[in-house]
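Comments concern the structure below.
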Amino acid sequence: MDTDSFDLAQNYFEVFGLSVHGQPDSSGLREKYMALQRRYHPDKFVSADDAQRRKAVQIASFVNQAHQTLSDPLKCAEYCLHLQGVEADTETDAKMDPLFLMEQMEWRETLEDIDNDDPKVFETLAGLRTEIAEKISDLAGQTASHLESKNTVLARDSIRKWQFLAKLHAEADSLEARLDDLSG
């Protein structure tokens with residue numbers, strides 16, 4: 001086994017032999033991931049010299065990170081934006097479309113107002129989760145279109161909205177799990 005041929009400077013799409021264009025096919029990505037893991041897993045380099053063993057660990061880590069990123073639609077979109085030279089800057093940039101912020105605040109209030117004593121609590125929560133998921137789907141489509149046309153300003157805006165909604169959706173999922181625990 002030889003680790004010298006693996007280039008740690010390549011982008012995540014190149015690792016899997018893919019062209020840079022949005023969300024890759026999950027089954028094809030998984031297949032290529034498994035092949036790379038079989039080839040470069042550190043256990044295959046137990047009898048190699050120290051440098052080869054260290055590089056095998058680096059490669060395995062790099063391949064894992066690449067797979068995790070490309071397997072998650074939001075992370076993949078963020079990475080595609082990064083490859084176009086732009087970062088989403090979620091922590092440092094507070095500018096956001098006011099209409100979107102109002103919509104998000106309404107969803108957040110709905111989430112906070114959900115009462116576990118309400119007999120329709122799961123129905124209400126499911127409706128909210130569906131509404132958020134549909135908005136995320138719309139944003140994912142917009143993001144893909146903006147990334148493809150290299151409109152990084154609009155792609156960044158869509159990704160930032162998507163990030164907000166992904167967090168809100170995760171909070172709704174957590175609430176549903178807690179309510180399930182309480183009712184079960």
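A note on labels: chains of the structure tokens are A, B, ... as shown, every chain counts residues from 1, and ligands are counted from 1 in their shown order.
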At a cut-off of 6 Å, using only C-alpha atoms, what residues contact Ala155 of chain A? Leave out same-chain residues fewer than 6 positions from it and give the result as a PyMOL selection string. chain A and resi 143+146-147
Give me, as an mmCIF file with N, CA and C atoms, in the first residue's frame, all polymer residues having an atom no more than 12 Å from Glu109 of chain A, counting only C-alpha atoms and skipping those fewer than 6 positions away in the same chain.
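To be explicit, this is the file written out as result-v1.cif:
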data_model
loop_
_atom_site.group_PDB
_atom_site.id
_atom_site.type_symbol
_atom_site.label_atom_id
_atom_site.label_comp_id
_atom_site.auth_asym_id
_atom_site.auth_seq_id
_atom_site.Cartn_x
_atom_site.Cartn_y
_atom_site.Cartn_z
ATOM 1 N N MET A 102 -39.067 37.888 9.758
ATOM 2 C CA MET A 102 -40.410 37.891 10.338
ATOM 3 C C MET A 102 -41.037 36.490 10.263
ATOM 4 N N GLU A 103 -40.891 35.867 9.108
ATOM 5 C CA GLU A 103 -41.428 34.514 8.933
ATOM 6 C C GLU A 103 -40.770 33.542 9.919
ATOM 7 N N ASP A 115 -48.002 23.566 23.232
ATOM 8 C CA ASP A 115 -48.381 23.122 24.578
ATOM 9 C C ASP A 115 -48.529 21.599 24.565
ATOM 10 N N LEU A 128 -45.908 22.318 11.384
ATOM 11 C CA LEU A 128 -44.805 23.278 11.419
ATOM 12 C C LEU A 128 -43.560 22.683 10.762
ATOM 13 N N LEU A 168 -33.840 25.605 13.084
ATOM 14 C CA LEU A 168 -35.216 25.617 13.573
ATOM 15 C C LEU A 168 -35.860 24.235 13.411
ATOM 16 N N ALA A 172 -37.398 21.717 16.277
ATOM 17 C CA ALA A 172 -38.724 21.099 16.216
ATOM 18 C C ALA A 172 -38.605 19.584 16.384
#
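The spacing separating atom CA of Ala177 of chain A from atom CA of Ile159 of chain A amounts to 26.6 Å.
Checking A:Trp107, A:Tyr12, A:Phe45, A:Tyr79 one by one against Phe62 of chain A, counting only C-alpha atoms, you find the shortest gap at A:Tyr12.
For the residues A:Ile132, A:Val153, A:Leu175, A:Val20, ranking by smallest atom-to-atom distance to Leu83 of chain A using only C-alpha atoms places A:Val20 first.
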Polymer residues at most 10 Å from Arg54 of chain A, only C-alpha atoms, same-chain spacing of 6 or more positions, as an mmCIF file with N, CA and C atoms, in the first residue's frame:
data_model
loop_
_atom_site.group_PDB
_atom_site.id
_atom_site.type_symbol
_atom_site.label_atom_id
_atom_site.label_comp_id
_atom_site.auth_asym_id
_atom_site.auth_seq_id
_atom_site.Cartn_x
_atom_site.Cartn_y
_atom_site.Cartn_z
ATOM 1 N N THR A 3 0.640 5.611 0.237
ATOM 2 C CA THR A 3 -0.164 6.809 0.471
ATOM 3 C C THR A 3 0.352 8.013 -0.300
ATOM 4 N N PRO A 42 -6.196 3.202 7.958
ATOM 5 C CA PRO A 42 -4.930 3.074 8.709
ATOM 6 C C PRO A 42 -4.569 1.636 9.086
ATOM 7 N N PHE A 45 -2.020 -0.084 7.024
ATOM 8 C CA PHE A 45 -0.655 0.435 7.048
ATOM 9 C C PHE A 45 0.069 0.142 8.361
ATOM 10 N N ALA A 48 3.674 -0.472 7.848
ATOM 11 C CA ALA A 48 4.382 0.561 7.083
ATOM 12 C C ALA A 48 5.229 1.423 8.023
ATOM 13 N N ALA A 60 -7.486 9.084 5.822
ATOM 14 C CA ALA A 60 -8.762 8.568 6.329
ATOM 15 C C ALA A 60 -9.599 9.694 6.917
#
Please return, as a PDB file with C-alpha atoms, in the first residue's frame, all residues of chain A that DSSP assigns to helix (DSSP H, G or I) on the basis of the backbone.
ATOM      1  CA  TYR A  12     -13.750  17.109  -1.705  1.00  0.00           C
ATOM      2  CA  PHE A  13     -15.363  16.511  -5.081  1.00  0.00           C
ATOM      3  CA  GLU A  14     -12.016  15.560  -6.591  1.00  0.00           C
ATOM      4  CA  VAL A  15     -11.462  13.049  -3.762  1.00  0.00           C
ATOM      5  CA  SER A  26     -25.714   9.530  -2.339  1.00  0.00           C
ATOM      6  CA  SER A  27     -25.335   5.889  -3.377  1.00  0.00           C
ATOM      7  CA  GLY A  28     -22.470   6.636  -5.774  1.00  0.00           C
ATOM      8  CA  LEU A  29     -20.798   8.813  -3.169  1.00  0.00           C
ATOM      9  CA  ARG A  30     -21.114   6.081  -0.531  1.00  0.00           C
ATOM     10  CA  GLU A  31     -19.684   3.483  -2.914  1.00  0.00           C
ATOM     11  CA  LYS A  32     -16.633   5.640  -3.685  1.00  0.00           C
ATOM     12  CA  TYR A  33     -16.230   6.467   0.006  1.00  0.00           C
ATOM     13  CA  MET A  34     -16.151   2.791   0.933  1.00  0.00           C
ATOM     14  CA  ALA A  35     -13.598   2.063  -1.814  1.00  0.00           C
ATOM     15  CA  LEU A  36     -11.318   4.836  -0.520  1.00  0.00           C
ATOM     16  CA  GLN A  37     -11.719   3.609   3.050  1.00  0.00           C
ATOM     17  CA  ARG A  38     -10.766   0.088   1.990  1.00  0.00           C
ATOM     18  CA  ARG A  39      -7.717   1.405   0.178  1.00  0.00           C
ATOM     19  CA  TYR A  40      -6.436   3.934   2.736  1.00  0.00           C
ATOM     20  CA  PRO A  42      -4.930   3.074   8.709  1.00  0.00           C
ATOM     21  CA  ASP A  43      -5.243  -0.637   9.590  1.00  0.00           C
ATOM     22  CA  LYS A  44      -3.863  -1.411   6.129  1.00  0.00           C
ATOM     23  CA  PHE A  45      -0.655   0.435   7.048  1.00  0.00           C
ATOM     24  CA  ASP A  50       5.803   6.005  10.584  1.00  0.00           C
ATOM     25  CA  ALA A  51       5.382   8.510   7.763  1.00  0.00           C
ATOM     26  CA  GLN A  52       3.083   6.175   5.792  1.00  0.00           C
ATOM     27  CA  ARG A  53       1.007   5.408   8.910  1.00  0.00           C
ATOM     28  CA  ARG A  54       0.604   9.120   9.704  1.00  0.00           C
ATOM     29  CA  LYS A  55      -0.364   9.890   6.120  1.00  0.00           C
ATOM     30  CA  ALA A  56      -2.901   7.019   6.155  1.00  0.00           C
ATOM     31  CA  VAL A  57      -4.518   8.571   9.258  1.00  0.00           C
ATOM     32  CA  GLN A  58      -4.573  11.971   7.537  1.00  0.00           C
ATOM     33  CA  ILE A  59      -6.096  10.487   4.396  1.00  0.00           C
ATOM     34  CA  ALA A  60      -8.762   8.568   6.329  1.00  0.00           C
ATOM     35  CA  SER A  61      -9.669  11.711   8.252  1.00  0.00           C
ATOM     36  CA  PHE A  62      -9.744  13.793   5.070  1.00  0.00           C
ATOM     37  CA  VAL A  63     -11.927  11.233   3.259  1.00  0.00           C
ATOM     38  CA  ASN A  64     -14.296  11.059   6.250  1.00  0.00           C
ATOM     39  CA  GLN A  65     -14.617  14.852   6.349  1.00  0.00           C
ATOM     40  CA  ALA A  66     -15.168  14.996   2.594  1.00  0.00           C
ATOM     41  CA  HIS A  67     -17.863  12.314   2.797  1.00  0.00           C
ATOM     42  CA  GLN A  68     -19.629  13.991   5.725  1.00  0.00           C
ATOM     43  CA  THR A  69     -19.613  17.323   3.914  1.00  0.00           C
ATOM     44  CA  LEU A  70     -20.830  16.064   0.549  1.00  0.00           C
ATOM     45  CA  SER A  71     -23.449  13.763   2.135  1.00  0.00           C
ATOM     46  CA  PRO A  73     -27.015  18.914   1.403  1.00  0.00           C
ATOM     47  CA  LEU A  74     -26.494  22.094   3.450  1.00  0.00           C
ATOM     48  CA  LYS A  75     -22.825  21.403   4.162  1.00  0.00           C
ATOM     49  CA  CYS A  76     -22.344  20.533   0.510  1.00  0.00           C
ATOM     50  CA  ALA A  77     -23.884  23.842  -0.571  1.00  0.00           C
ATOM     51  CA  GLU A  78     -21.692  25.727   1.926  1.00  0.00           C
ATOM     52  CA  TYR A  79     -18.651  23.913   0.552  1.00  0.00           C
ATOM     53  CA  CYS A  80     -19.602  24.714  -3.055  1.00  0.00           C
ATOM     54  CA  LEU A  81     -19.898  28.374  -2.062  1.00  0.00           C
ATOM     55  CA  HIS A  82     -16.489  28.117  -0.367  1.00  0.00           C
ATOM     56  CA  LEU A  83     -15.015  26.693  -3.592  1.00  0.00           C
ATOM     57  CA  PRO A  98     -36.537  41.374   6.972  1.00  0.00           C
ATOM     58  CA  LEU A  99     -39.458  39.400   5.518  1.00  0.00           C
ATOM     59  CA  PHE A 100     -37.582  36.148   6.066  1.00  0.00           C
ATOM     60  CA  LEU A 101     -36.746  37.188   9.635  1.00  0.00           C
ATOM     61  CA  MET A 102     -40.410  37.891  10.338  1.00  0.00           C
ATOM     62  CA  GLU A 103     -41.428  34.514   8.933  1.00  0.00           C
ATOM     63  CA  GLN A 104     -38.745  32.785  10.969  1.00  0.00           C
ATOM     64  CA  MET A 105     -39.803  34.633  14.141  1.00  0.00           C
ATOM     65  CA  GLU A 106     -43.386  33.481  13.590  1.00  0.00           C
ATOM     66  CA  TRP A 107     -42.255  29.866  13.242  1.00  0.00           C
ATOM     67  CA  ARG A 108     -40.088  30.183  16.328  1.00  0.00           C
ATOM     68  CA  GLU A 109     -43.013  31.643  18.308  1.00  0.00           C
ATOM     69  CA  THR A 110     -45.249  28.811  17.113  1.00  0.00           C
ATOM     70  CA  LEU A 111     -42.608  26.333  18.256  1.00  0.00           C
ATOM     71  CA  GLU A 112     -42.258  28.014  21.652  1.00  0.00           C
ATOM     72  CA  ASP A 113     -46.043  28.201  22.116  1.00  0.00           C
ATOM     73  CA  VAL A 121     -49.771  18.933  19.769  1.00  0.00           C
ATOM     74  CA  PHE A 122     -48.232  16.369  17.414  1.00  0.00           C
ATOM     75  CA  GLU A 123     -50.457  17.517  14.562  1.00  0.00           C
ATOM     76  CA  THR A 124     -49.424  21.146  15.143  1.00  0.00           C
ATOM     77  CA  LEU A 125     -45.772  20.189  15.349  1.00  0.00           C
ATOM     78  CA  ALA A 126     -45.962  18.021  12.227  1.00  0.00           C
ATOM     79  CA  GLY A 127     -47.551  20.903  10.315  1.00  0.00           C
ATOM     80  CA  LEU A 128     -44.805  23.278  11.419  1.00  0.00           C
ATOM     81  CA  ARG A 129     -42.072  20.789  10.541  1.00  0.00           C
ATOM     82  CA  THR A 130     -43.619  20.221   7.104  1.00  0.00           C
ATOM     83  CA  GLU A 131     -43.844  23.963   6.456  1.00  0.00           C
ATOM     84  CA  ILE A 132     -40.189  24.452   7.434  1.00  0.00           C
ATOM     85  CA  ALA A 133     -39.093  21.428   5.375  1.00  0.00           C
ATOM     86  CA  GLU A 134     -40.885  22.794   2.299  1.00  0.00           C
ATOM     87  CA  LYS A 135     -39.167  26.159   2.735  1.00  0.00           C
ATOM     88  CA  ILE A 136     -35.810  24.371   3.121  1.00  0.00           C
ATOM     89  CA  SER A 137     -36.505  22.435  -0.083  1.00  0.00           C
ATOM     90  CA  ASP A 138     -37.256  25.688  -1.915  1.00  0.00           C
ATOM     91  CA  LEU A 139     -34.065  27.255  -0.572  1.00  0.00           C
ATOM     92  CA  ALA A 140     -32.026  24.200  -1.565  1.00  0.00           C
ATOM     93  CA  GLY A 141     -33.300  24.533  -5.131  1.00  0.00           C
ATOM     94  CA  GLN A 142     -32.603  28.271  -5.194  1.00  0.00           C
ATOM     95  CA  THR A 143     -29.131  27.697  -3.762  1.00  0.00           C
ATOM     96  CA  ALA A 144     -28.295  25.081  -6.387  1.00  0.00           C
ATOM     97  CA  SER A 145     -29.443  27.412  -9.147  1.00  0.00           C
ATOM     98  CA  HIS A 146     -27.453  30.355  -7.750  1.00  0.00           C
ATOM     99  CA  LEU A 147     -24.328  28.233  -7.302  1.00  0.00           C
ATOM    100  CA  GLU A 148     -24.617  26.870 -10.827  1.00  0.00           C
ATOM    101  CA  THR A 152     -22.451  33.982  -5.009  1.00  0.00           C
ATOM    102  CA  VAL A 153     -24.378  36.881  -3.467  1.00  0.00           C
ATOM    103  CA  LEU A 154     -27.735  35.170  -3.907  1.00  0.00           C
ATOM    104  CA  ALA A 155     -26.260  31.730  -3.136  1.00  0.00           C
ATOM    105  CA  ARG A 156     -24.856  33.046   0.136  1.00  0.00           C
ATOM    106  CA  ASP A 157     -28.191  34.613   1.035  1.00  0.00           C
ATOM    107  CA  SER A 158     -30.062  31.371   0.321  1.00  0.00           C
ATOM    108  CA  ILE A 159     -27.550  29.314   2.299  1.00  0.00           C
ATOM    109  CA  ARG A 160     -27.786  31.614   5.303  1.00  0.00           C
ATOM    110  CA  LYS A 161     -31.585  31.323   5.287  1.00  0.00           C
ATOM    111  CA  TRP A 162     -31.238  27.562   4.921  1.00  0.00           C
ATOM    112  CA  GLN A 163     -28.911  27.479   7.936  1.00  0.00           C
ATOM    113  CA  PHE A 164     -31.466  29.310  10.063  1.00  0.00           C
ATOM    114  CA  LEU A 165     -34.240  26.969   8.993  1.00  0.00           C
ATOM    115  CA  ALA A 166     -32.135  23.845   9.464  1.00  0.00           C
ATOM    116  CA  LYS A 167     -31.518  24.901  13.044  1.00  0.00           C
ATOM    117  CA  LEU A 168     -35.216  25.617  13.573  1.00  0.00           C
ATOM    118  CA  HIS A 169     -36.141  22.243  12.058  1.00  0.00           C
ATOM    119  CA  ALA A 170     -33.681  20.512  14.400  1.00  0.00           C
ATOM    120  CA  GLU A 171     -35.288  22.316  17.358  1.00  0.00           C
ATOM    121  CA  ALA A 172     -38.724  21.099  16.216  1.00  0.00           C
ATOM    122  CA  ASP A 173     -37.347  17.555  15.942  1.00  0.00           C
ATOM    123  CA  SER A 174     -35.946  17.817  19.489  1.00  0.00           C
ATOM    124  CA  LEU A 175     -39.254  19.092  20.811  1.00  0.00           C
ATOM    125  CA  GLU A 176     -41.090  16.228  19.156  1.00  0.00           C
ATOM    126  CA  ALA A 177     -38.678  13.717  20.729  1.00  0.00           C
ATOM    127  CA  ARG A 178     -39.177  15.278  24.175  1.00  0.00           C
ATOM    128  CA  LEU A 179     -42.952  15.238  23.745  1.00  0.00           C
ATOM    129  CA  ASP A 180     -42.761  11.603  22.625  1.00  0.00           C
ATOM    130  CA  ASP A 181     -40.823  10.777  25.790  1.00  0.00           C
ATOM    131  CA  LEU A 182     -43.378  12.569  27.952  1.00  0.00           C
ATOM    132  CA  SER A 183     -46.361  10.905  26.323  1.00  0.00           C
TER     133      SER A 183
END
Would you compute the distance between atom CA of Gln10 of chain A and atom CA of Asp89 of chain A? Give it in Å to one decimal. 23.1 Å
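The coordinates place atom CA of Pro24 of chain A at 9.8 Å from atom CA of Asp72 of chain A.
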